[in-house]
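J.: The structure that follows is given in the form of structure tokens.
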Amino acid sequence: MPRMLDVSEDVRAEIGDEEADRLLAGENAPGSYDCTSCRTPGDSEQERTSTVLFVGEETAVLAFAHATCIPSQVVTVAEEQLQGAVRSITGAEAQPTPVAPVAVGDQAVLGVTSGLVLIDNELHPALVVEPTAPIARPGSTGGGDEFLPLLIEQGFLPVGDVNQKPSPIAGWSVLLAMGQLHAILQPGTGGGSPVAWWQAHQPLQVTEGWRAAANKSHTVLVFAAPVGCIGQQPREDLLRDALEKAAANGRLVAAAMPLAGT
């Protein structure tokens with residue numbers, strides 16, 4: 001039976017027209033599956049389903065997701081991650097890792113922490129971004145920290161009250177796949193495809209509660225603060241306290257981003 005599958009041009013280019021056509025005809029596609037994003041059951045005979053191809057250096061894994069969770073796409077992962085990917089697709093859980101860094105030039109990394117933030121009596125999935133060193137403006141020879149001004153120029157807004165939900169930002173998104181956080185994407189230059197503003201060296205595990213909240217709202221709140229403002233807080237109540245302190249000091253910006261990918 002034909003499946004309600006979405007196969008993007010990027011996925012089709014990787015797997016070939018013949019394999020893509022077989023999938024669409026239902027020959028190689030499962031009827032039921034566990035969504036690789038939200039990890040809840042799906043049915044490609046009853047609802048729009050995205051094909052998601054995870055590609056390593058030598059091998060690839062094809063997975064399926066609700067089209068409302070993540071679009072059909074190719075996701076590049078490290079070769080050694082593919083065995084973990086298979087375990088994740090089949091429902092195995094890994095231990096959570098609270099922070100994943102990414103290089104920014106040669107001097108700093110961005111630390112990204114996931115947590116739930118209570119706003120108007122509702123829990124929202126959030127990411128908190130903090131560099132490990134001051135971020136200079138590209139091409140600048142000065143020693144100042146331009147992290148927040150650079151983000152405000154991109155559309156982030158200062159946070160005066162953590163109890164107010166941040167405004168959406170155009171063109172940015174958060175990529176969650178295989179139940180793991182892969183990247184924060186920003187608009188490409190000249191209207192091109194989105195590019196990674198932050199990308200995990202290894203996919204960042206998030207909690208079941210975080211995934212459930214993200215699947216419900218399809219939106220992630222991304223907060224950012226300069227080095228030394230937040231720190232690696234071991235509990236969400238302490239993270240909330242650090243966010244409120246940073247906001248009170250005028251050292252916090254934020255934006256709401258769709259849970260999606262390229």
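The way I read the labels, and the way they are meant: chains A, B, ... in the order of the structure tokens, residue 1 as the first residue of every chain, and ligand 1 as the first ligand shown, with later ones counted on from there.
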Can I get the residues of stretch 161-191 of chain A within 10 Å of stretch 38-48 of chain A, each with the closest pair of atoms and their distance in Å to one decimal, using only C-alpha atoms, sorted chain first then ascending number, as CSV?
T.:
residue,atom,partner,partner_atom,distance
A:Leu176,CA,A:Cys38,CA,8.5
A:Ala177,CA,A:Cys38,CA,8.1
A:Met178,CA,A:Arg39,CA,7.6
A:Gly179,CA,A:Cys38,CA,6.0
A:Gln180,CA,A:Cys38,CA,9.3
J.: Any idea what's packed within 8 Å of A:Trp197, counting only C-alpha atoms, ignoring anything in its chain fewer than 6 positions away? Could you give it as a list in words?
T.: Ala183, Ile184, Leu185 and Gln186 of chain A
J.: Could you please take those selected residues and save C-alpha atoms as a compact mmCIF listing (two decimals), in the first residue's frame?
T.:
# COMPACT_ATOMS: atom_id res chain seq x y z
CA ALA A 183 21.99 21.88 16.21
CA ILE A 184 20.61 25.40 16.40
CA LEU A 185 20.22 26.64 12.83
CA GLN A 186 20.34 30.23 11.60
J.: Kindly indicate which residue among A:Thr189, A:Asn215, A:Ser173, A:Ser37 lies nearest to A:Pro258, using only C-alpha atoms for the distances.
T.: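 That would be A:Ser173, the residue with the smallest distance to A:Pro258.
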J.: Let me make sure I understand: among A:Leu23, A:Val129, A:Ile169, A:Leu118, which one has the smallest atom-to-atom distance to A:Phe156 if we use only C-alpha atoms?
T.: A:Ile169
J.: Skip A:Val74 itself and residues of its chain fewer than 6 positions away, then list as a PyMOL selection string all residues within 10 Å of it, counting only C-alpha atoms.
T.: chain A and resi 8-14+51-55+60+62+261-262
J.: What does the structure give for the distance between atom CA of A:Pro234 and atom CA of A:Ala247, in Å to one decimal?
T.: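 Answer for the atom CA of A:Pro234 to atom CA of A:Ala247 separation: 19.5 Å.
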J.: Between A:Gly250, A:Ala213, A:Leu123, A:Val75, which residue has the minimum interatomic distance to A:Pro158, considering only C-alpha atoms?
T.: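 Closest to A:Pro158, using only C-alpha atoms: A:Gly250.
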J.: Using atom CA of A:Ile152 and atom CA of A:Val253 as the two end points, give the distance in Å to one decimal.
T.: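 Between these atoms lies a distance of 7.5 Å.
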J.: If you run DSSP on the backbone here, which positions in stretch 107-166 of chain A get alpha helix (DSSP H)? Please write them as a ChimeraX atom specification.
T.: /A:147-154
J.: For a test of reading the model, state the distance in Å between atom CA of A:Gly209 and atom CA of A:Ala67, rounded to one decimal.
T.: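 These two atoms are separated by 20.8 Å.
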J.: Which one of A:Pro168, A:Glu18, A:Asp237, A:Gly111 sits closest to A:Trp198 if you count only C-alpha atoms?
T.: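 Once distances to A:Trp198 are computed over only C-alpha atoms, the minimum belongs to A:Gly111.
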J.: May I ask which of the residues A:Val227, A:Val206, A:Ala214, A:Met4 is the closest one to A:Ala133, counting only C-alpha atoms?
T.: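 Going through A:Val227, A:Val206, A:Ala214, A:Met4 one by one, the smallest distance to A:Ala133 is for A:Val227.
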J.: Excluding stretch 219-226 of chain A and its own-chain neighbours fewer than 5 positions away, which residues fall within 6 Å of it when counting only C-alpha atoms? Please give them as an NGL selection string.
T.: :A and (125-130 or 214 or 251-259)
J.: How would the residues just chosen look if you wrote them out with N, CA, C and O atoms as a PDB file, in the first residue's frame?
T.:
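Just written: again-v8.pdb:
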ATOM      1  N   PRO A 125      10.042  23.806  26.740  1.00  0.00           N
ATOM      2  CA  PRO A 125      11.408  23.324  26.522  1.00  0.00           C
ATOM      3  C   PRO A 125      12.319  24.508  26.213  1.00  0.00           C
ATOM      4  O   PRO A 125      11.971  25.379  25.403  1.00  0.00           O
ATOM      5  N   ALA A 126      13.460  24.544  26.864  1.00  0.00           N
ATOM      6  CA  ALA A 126      14.366  25.678  26.700  1.00  0.00           C
ATOM      7  C   ALA A 126      15.794  25.193  26.518  1.00  0.00           C
ATOM      8  O   ALA A 126      16.168  24.102  26.972  1.00  0.00           O
ATOM      9  N   LEU A 127      16.574  26.005  25.815  1.00  0.00           N
ATOM     10  CA  LEU A 127      18.017  25.826  25.712  1.00  0.00           C
ATOM     11  C   LEU A 127      18.665  27.105  26.213  1.00  0.00           C
ATOM     12  O   LEU A 127      18.212  28.206  25.901  1.00  0.00           O
ATOM     13  N   VAL A 128      19.728  26.952  26.986  1.00  0.00           N
ATOM     14  CA  VAL A 128      20.469  28.100  27.506  1.00  0.00           C
ATOM     15  C   VAL A 128      21.878  28.050  26.929  1.00  0.00           C
ATOM     16  O   VAL A 128      22.586  27.048  27.085  1.00  0.00           O
ATOM     17  N   VAL A 129      22.258  29.116  26.229  1.00  0.00           N
ATOM     18  CA  VAL A 129      23.540  29.175  25.534  1.00  0.00           C
ATOM     19  C   VAL A 129      24.445  30.170  26.256  1.00  0.00           C
ATOM     20  O   VAL A 129      24.047  31.324  26.486  1.00  0.00           O
ATOM     21  N   GLU A 130      25.649  29.716  26.580  1.00  0.00           N
ATOM     22  CA  GLU A 130      26.623  30.599  27.245  1.00  0.00           C
ATOM     23  C   GLU A 130      28.020  30.255  26.755  1.00  0.00           C
ATOM     24  O   GLU A 130      28.441  29.095  26.852  1.00  0.00           O
ATOM     25  N   ALA A 214       8.472  19.698  23.974  1.00  0.00           N
ATOM     26  CA  ALA A 214       8.814  20.189  22.639  1.00  0.00           C
ATOM     27  C   ALA A 214       7.855  19.628  21.594  1.00  0.00           C
ATOM     28  O   ALA A 214       7.453  20.333  20.662  1.00  0.00           O
ATOM     29  N   ARG A 251      21.541  41.073  31.190  1.00  0.00           N
ATOM     30  CA  ARG A 251      22.554  40.217  30.562  1.00  0.00           C
ATOM     31  C   ARG A 251      21.941  38.982  29.936  1.00  0.00           C
ATOM     32  O   ARG A 251      22.582  37.936  29.839  1.00  0.00           O
ATOM     33  N   LEU A 252      20.688  39.059  29.472  1.00  0.00           N
ATOM     34  CA  LEU A 252      20.007  37.890  28.921  1.00  0.00           C
ATOM     35  C   LEU A 252      19.192  38.301  27.706  1.00  0.00           C
ATOM     36  O   LEU A 252      18.473  39.303  27.739  1.00  0.00           O
ATOM     37  N   VAL A 253      19.325  37.532  26.620  1.00  0.00           N
ATOM     38  CA  VAL A 253      18.474  37.695  25.445  1.00  0.00           C
ATOM     39  C   VAL A 253      17.828  36.348  25.148  1.00  0.00           C
ATOM     40  O   VAL A 253      18.277  35.308  25.640  1.00  0.00           O
ATOM     41  N   ALA A 254      16.768  36.370  24.335  1.00  0.00           N
ATOM     42  CA  ALA A 254      16.068  35.113  24.064  1.00  0.00           C
ATOM     43  C   ALA A 254      15.275  35.226  22.776  1.00  0.00           C
ATOM     44  O   ALA A 254      15.021  36.320  22.259  1.00  0.00           O
ATOM     45  N   ALA A 255      14.875  34.065  22.268  1.00  0.00           N
ATOM     46  CA  ALA A 255      14.010  33.977  21.091  1.00  0.00           C
ATOM     47  C   ALA A 255      13.311  32.633  21.132  1.00  0.00           C
ATOM     48  O   ALA A 255      13.820  31.653  21.687  1.00  0.00           O
ATOM     49  N   ALA A 256      12.126  32.569  20.542  1.00  0.00           N
ATOM     50  CA  ALA A 256      11.389  31.318  20.384  1.00  0.00           C
ATOM     51  C   ALA A 256      11.627  30.784  18.975  1.00  0.00           C
ATOM     52  O   ALA A 256      11.467  31.519  18.003  1.00  0.00           O
ATOM     53  N   MET A 257      12.021  29.515  18.887  1.00  0.00           N
ATOM     54  CA  MET A 257      12.358  28.911  17.590  1.00  0.00           C
ATOM     55  C   MET A 257      11.522  27.656  17.359  1.00  0.00           C
ATOM     56  O   MET A 257      11.274  26.890  18.285  1.00  0.00           O
ATOM     57  N   PRO A 258      11.124  27.409  16.121  1.00  0.00           N
ATOM     58  CA  PRO A 258      10.403  26.178  15.821  1.00  0.00           C
ATOM     59  C   PRO A 258      11.314  24.958  15.962  1.00  0.00           C
ATOM     60  O   PRO A 258      12.526  25.031  15.713  1.00  0.00           O
ATOM     61  N   LEU A 259      10.730  23.856  16.352  1.00  0.00           N
ATOM     62  CA  LEU A 259      11.453  22.594  16.427  1.00  0.00           C
ATOM     63  C   LEU A 259      11.416  21.981  15.042  1.00  0.00           C
ATOM     64  O   LEU A 259      10.392  21.466  14.590  1.00  0.00           O
TER      65      LEU A 259
END
